[in-house]
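Colleague: Sending over a structure as structure tokens; questions will come in a sec.
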Amino acid sequence: MGAIPTQRETVSRVREVPAHDAAPAHDTAGPRAQGSASLPGSPLAPGSARSLVRASFDEWTECGLLCPEQRRVAEDALVVVSELVTNAVVHAGTDVEVDWWLEGREETAFVVEVTDRHPSRAPRDHPGETPYETPEFGRGLRLVASLAESWGVTYRTGAKSVWARLTGRGGTLLDERQLKVAEILAPEPPSHAPSHPNAAAAERGGCSHRPERDRDWLNRGALSFLAEASDLLAGQLDENLVAALTGQLIVPRLADWCAVWLEDEATVRGGGWGDNGGAGGAGGAGGPRLARVWHGSENRIEELRQALEKDPPCPRSGLRSGPEPYPWPGGALGPQGTRGSALAYRLIAGGRPLGTLVIGRSGPDGIPDEITGLVEDFGRRVALAIGAARQYARQATISAVLQRGLLPGAVAEIPGVRSALVYEPCDKGGPSGDFYDLFPAGDGRWCFAVGDVQGKGPEAAVVIGLARPWLRLLAREGYRVADVLDRLNQLLLDDATEAADAAARALVAAGGRALPPGDGPQTRFLSLLYGELTPLDDGGIRCTLASAGHPLPLLLGPDGEVRTAARPQTLLGVVEDETYTSETIELAPGDSLLCVTDGVTERRSGSRQFDDGDGLARALSGCAGLNADLIAERIRRLVHEFGGGQPEDDLALLVLQAE
């Protein structure tokens, strides 16, 4: 098979370098160190890429490939990586491949290449746009040109790569390399003393020093502002916090005031809100919601909010993010704010409008073109952050609904038995791999289950979604404990076989190409402790139970004696035609049965686990005389105290105590 033809276009060069340096290829000695990642084309991609590259630089420094003095390359590289990945996500909209490496011996160079699958969209960077026709792609590649020794674009069949090469001597990054978070959020100091003869004019928005301040700040800090702002926004998982942070980042550095309107998905699906004459500006049905208003003078915020709610921006073109004039709300800014300029920027991510950002600056000078372009770039980052926050919220909602569906709505009450449950998934944003159930099975029987699926997330939810309903069905059909495990084992094996067959057919349909993650056959392993309870006429409880690859249950007597109540057997979903057995014990009044998942037994403290040396049995022995609720709480507390930090695994425990 011949080599894939490539076409190289060098878009920008900061300085002349030898021809071999103009391409993002390894030097003749090969790369000294390298890394790569495949990232989905989502708003989370730039932050993920920065984290991965930052980790590589830390590792390279620790290994001696970079000396501390060369960390300047790392600082520049993180900014360039962020801009290139953002450019690919916003304008290509496909998954992206990120490759980075170190090359050179006498002089260390860092090379990064970002590849997308939409080669028809080239990264353009034409100067000379009018103030209201700023480039769609923003200032990102200009920033890359300022930092890189050389950069360019490589076209391949079905793909486009934008690359950049950075060295310690390259680039035109100015003296202040980054704006500290505190500096970004802090109010800009006034450029004149109160006694300045032009102070009154300045308060009216006409200070002659403002253009100089703008130019000075743009020259010093604008490049790092976008990178720092991206990091700050990427860490927010709530759209209202994104809107609040947006106001603090913009005011007073770029504008005197700003406002953020957010549109919900129903508004967008309904055809937008610009057709209803601005109705609903306060968040009513069919209109945007004014999520945040920020002013350099806090006593103006409420009055400004009231004025803006009556006049929401109505974009004339649906998916254009460029600025459009917005009416100046002079009446809400007092006698000193009667003159000024305001611009509205549509916040768009993933081809969907998410809201509008409006900025305003007092005075007769208007808003400089440099500020206009910078805010437009910043607005794209705000839109990506809002999109990421909404995606997280949707996933969290789906996960919560799914989790509720995978667990019983209520735990059954059993005559003569007190029960207590602790359930703590370690990942609050996704389905847990642990599950439990306690339900009536008819004919004076109650059944309980504590299980743990291999893995977490959707794959675990699939297995739980199979296992729990089948447990209930088989129990209510009269199947005994061992028979239930036999049939559940076969069910998981059959399901795994069907999944493997489906994956094989998909592989054939894909022409032998590797399947996307999650499309291949998934394992269906399940550890389960399952039992049946029958109250006895003369007091106490008969318990028939079996453990399939699960931590063994422990029986606590009133005198503090602890013993295991089952024997170990094979995981479910592993061995074909496995035959399971059950054991029967009697719980006398005061006896307690403790059932846990491995989140309890394998809780770690350094190299030790909680159950080392029968640690769980010793902990349970100390619970003699306590009721079920106190036993459950004490075990939970001891497990948390043993590990110190946050648990790394789901935790579930069930206590059944005969009364």
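In the structure tokens, the first chain shown is A, the next is B, and so on; residue numbers restart at 1 for each chain, and ligands run from 1 in the order shown.
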Please identify all polymer residues within 10 Å of range 635-643 of chain A, counting only C-alpha atoms, omitting same-chain residues fewer than 6 positions from it, and present them as JSON, numbers by chain.
Modeller: {"A": [422, 423, 424, 594, 599, 600, 601, 602, 603, 604, 605, 606, 608, 609, 610, 611, 616, 619, 620, 622, 623, 651, 652, 653]}
Colleague: Looking only at the backbone, which of the residues in range 263-458 of chain A does DSSP tag as strand (DSSP E), as a ChimeraX atom specification?
Modeller: /A:289-295,324-325,340-349,352-362,417-424,434-442,445-453
Colleague: Within 6 Å of Ser341 in chain A, counting only C-alpha atoms, which residues show up once you throw out same-chain ones fewer than 2 positions away? Write them as a PyMOL selection string, please.
Modeller: chain A and resi 360-361+366
Colleague: Calculated over only C-alpha atoms, which of the candidates A:Gly322, A:Gly331, A:Gly387, A:Pro425 has the smallest distance to Gly351 in chain A?
Modeller: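 Of A:Gly322, A:Gly331, A:Gly387, A:Pro425, the one nearest Gly351 in chain A is A:Gly387, counting only C-alpha atoms.
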Colleague: To one decimal place, how far is CA of Thr154 in chain A from CA of Glu376 in chain A in Å?
Modeller: 27.0 Å
Colleague: As a ChimeraX atom specification, please: the residues near Glu113 in chain A (cut-off 7 Å, only C-alpha atoms, same-chain neighbours under 4 positions excluded).
Modeller: /A:98-100,161-164
Colleague: Save the residues we just selected, N, CA, C and O atoms, as a short mmCIF file (atom, residue, chain, number, x, y, z; two decimals), in the first residue's frame?
Modeller:
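Wrote result18.cif, looks like this:
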data_model
loop_
_atom_site.label_atom_id
_atom_site.label_comp_id
_atom_site.auth_asym_id
_atom_site.auth_seq_id
_atom_site.Cartn_x
_atom_site.Cartn_y
_atom_site.Cartn_z
N VAL A 98 -4.44 14.43 18.96
CA VAL A 98 -3.41 15.35 19.41
C VAL A 98 -2.12 14.55 19.61
O VAL A 98 -2.11 13.55 20.35
N ASP A 99 -1.06 14.97 18.94
CA ASP A 99 0.27 14.36 19.10
C ASP A 99 1.25 15.44 19.52
O ASP A 99 1.22 16.56 18.98
N TRP A 100 2.12 15.11 20.44
CA TRP A 100 3.13 16.08 20.86
C TRP A 100 4.44 15.34 21.17
O TRP A 100 4.43 14.17 21.57
N SER A 161 -4.28 18.61 9.57
CA SER A 161 -3.50 18.76 10.80
C SER A 161 -2.93 20.17 10.86
O SER A 161 -2.36 20.67 9.88
N VAL A 162 -3.10 20.79 12.01
CA VAL A 162 -2.45 22.09 12.27
C VAL A 162 -1.34 21.82 13.28
O VAL A 162 -1.58 21.19 14.31
N TRP A 163 -0.14 22.29 12.96
CA TRP A 163 1.01 21.97 13.79
C TRP A 163 1.72 23.25 14.20
O TRP A 163 1.58 24.31 13.57
N ALA A 164 2.49 23.15 15.24
CA ALA A 164 3.30 24.28 15.70
C ALA A 164 4.56 23.74 16.35
O ALA A 164 4.55 22.70 17.00
#
Colleague: Report as JSON, numbers by chain: the residues of range 344-530 of chain A with a DSSP assignment of alpha helix (DSSP H), based on the backbone of this structure.
Modeller: {"A": [369, 370, 371, 372, 373, 374, 375, 376, 377, 378, 379, 380, 381, 382, 383, 384, 385, 386, 387, 388, 389, 390, 391, 392, 393, 394, 395, 396, 397, 398, 399, 400, 401, 402, 403, 404, 405, 406, 457, 458, 459, 460, 461, 462, 463, 464, 465, 466, 467, 468, 469, 470, 471, 472, 473, 474, 475, 476, 481, 482, 483, 484, 485, 486, 487, 488, 489, 490, 491, 492, 493, 494, 495, 496, 497, 498, 499, 500, 501, 502, 503, 504, 505, 506, 507, 508, 509]}
Colleague: Would you save the residues of that selection, restricted to C-alpha atoms, as a short mmCIF file (atom, residue, chain, number, x, y, z; two decimals), in the first residue's frame?
Modeller:
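Contents of selection-v2.cif, freshly written:
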data_model
loop_
_atom_site.label_atom_id
_atom_site.label_comp_id
_atom_site.auth_asym_id
_atom_site.auth_seq_id
_atom_site.Cartn_x
_atom_site.Cartn_y
_atom_site.Cartn_z
CA ASP A 369 -11.64 46.71 17.39
CA GLU A 370 -9.04 44.87 19.47
CA ILE A 371 -11.46 44.60 22.39
CA THR A 372 -14.25 43.54 20.03
CA GLY A 373 -12.19 40.67 18.62
CA LEU A 374 -10.90 39.61 22.02
CA VAL A 375 -14.41 39.49 23.51
CA GLU A 376 -15.63 37.48 20.53
CA ASP A 377 -12.90 34.90 21.15
CA PHE A 378 -13.68 34.96 24.85
CA GLY A 379 -17.38 34.50 24.06
CA ARG A 380 -16.59 31.30 22.18
CA ARG A 381 -14.88 29.95 25.25
CA VAL A 382 -17.86 30.97 27.35
CA ALA A 383 -20.15 29.13 24.92
CA LEU A 384 -17.98 26.00 25.08
CA ALA A 385 -18.04 26.14 28.90
CA ILE A 386 -21.84 26.56 28.95
CA GLY A 387 -22.18 23.67 26.51
CA ALA A 388 -19.93 21.50 28.68
CA ALA A 389 -21.88 22.44 31.82
CA ARG A 390 -25.18 21.56 30.14
CA GLN A 391 -23.78 18.29 28.86
CA TYR A 392 -22.61 17.45 32.37
CA ALA A 393 -26.02 18.39 33.78
CA ARG A 394 -27.79 16.20 31.22
CA GLN A 395 -25.50 13.28 31.97
CA ALA A 396 -25.94 13.77 35.71
CA THR A 397 -29.72 13.83 35.30
CA ILE A 398 -29.71 10.72 33.13
CA SER A 399 -27.41 8.97 35.57
CA ALA A 400 -29.59 9.92 38.53
CA VAL A 401 -32.73 8.67 36.78
CA LEU A 402 -30.95 5.50 35.72
CA GLN A 403 -29.58 4.96 39.22
CA ARG A 404 -33.03 5.35 40.73
CA GLY A 405 -34.37 2.81 38.25
CA LEU A 406 -31.63 0.31 39.13
CA GLY A 457 -21.09 3.44 34.39
CA PRO A 458 -23.35 2.29 31.52
CA GLU A 459 -21.75 -1.17 31.28
CA ALA A 460 -22.49 -1.81 34.96
CA ALA A 461 -26.01 -0.44 34.53
CA VAL A 462 -26.65 -3.00 31.77
CA VAL A 463 -25.75 -5.89 34.05
CA ILE A 464 -27.72 -4.54 37.02
CA GLY A 465 -30.65 -3.92 34.70
CA LEU A 466 -30.55 -7.61 33.79
CA ALA A 467 -29.83 -9.06 37.23
CA ARG A 468 -32.17 -7.28 39.62
CA PRO A 469 -35.46 -7.82 37.72
CA TRP A 470 -34.54 -11.45 37.07
CA LEU A 471 -33.77 -12.00 40.75
CA ARG A 472 -37.23 -10.76 41.68
CA LEU A 473 -38.94 -12.72 38.92
CA LEU A 474 -37.23 -16.02 39.72
CA ALA A 475 -37.78 -15.59 43.47
CA ARG A 476 -41.48 -14.88 43.03
CA VAL A 481 -31.63 -19.72 46.22
CA ALA A 482 -29.24 -22.07 44.41
CA ASP A 483 -31.57 -22.38 41.41
CA VAL A 484 -31.81 -18.58 41.12
CA LEU A 485 -28.01 -18.31 40.91
CA ASP A 486 -27.83 -21.12 38.32
CA ARG A 487 -30.31 -19.40 36.04
CA LEU A 488 -28.86 -15.93 36.54
CA ASN A 489 -25.40 -17.26 35.67
CA GLN A 490 -26.74 -18.74 32.43
CA LEU A 491 -28.59 -15.53 31.63
CA LEU A 492 -25.39 -13.47 31.90
CA LEU A 493 -23.48 -15.96 29.75
CA ASP A 494 -26.19 -15.94 27.08
CA ASP A 495 -26.23 -12.16 27.09
CA ALA A 496 -22.44 -12.03 26.72
CA THR A 497 -22.64 -14.46 23.78
CA GLU A 498 -25.25 -12.32 22.04
CA ALA A 499 -23.14 -9.22 22.61
CA ALA A 500 -20.07 -10.97 21.14
CA ASP A 501 -22.06 -12.05 18.08
CA ALA A 502 -23.33 -8.50 17.58
CA ALA A 503 -19.78 -7.14 17.88
CA ALA A 504 -18.52 -9.68 15.33
CA ARG A 505 -21.21 -8.64 12.86
CA ALA A 506 -20.34 -4.97 13.42
CA LEU A 507 -16.67 -5.75 12.83
CA VAL A 508 -17.48 -7.44 9.53
CA ALA A 509 -19.69 -4.52 8.52
#
Colleague: Report the distance between CA of Gln236 in chain A and CA of Val79 in chain A in Å, rounded to one decimal place.
Modeller: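 Distance reported for this atom pair: 19.3 Å.
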Colleague: Could you work out how far CA of Ile250 in chain A lies from CA of Pro323 in chain A, giving the answer in Å with one decimal?
Modeller: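 These atoms are spaced 15.3 Å apart.
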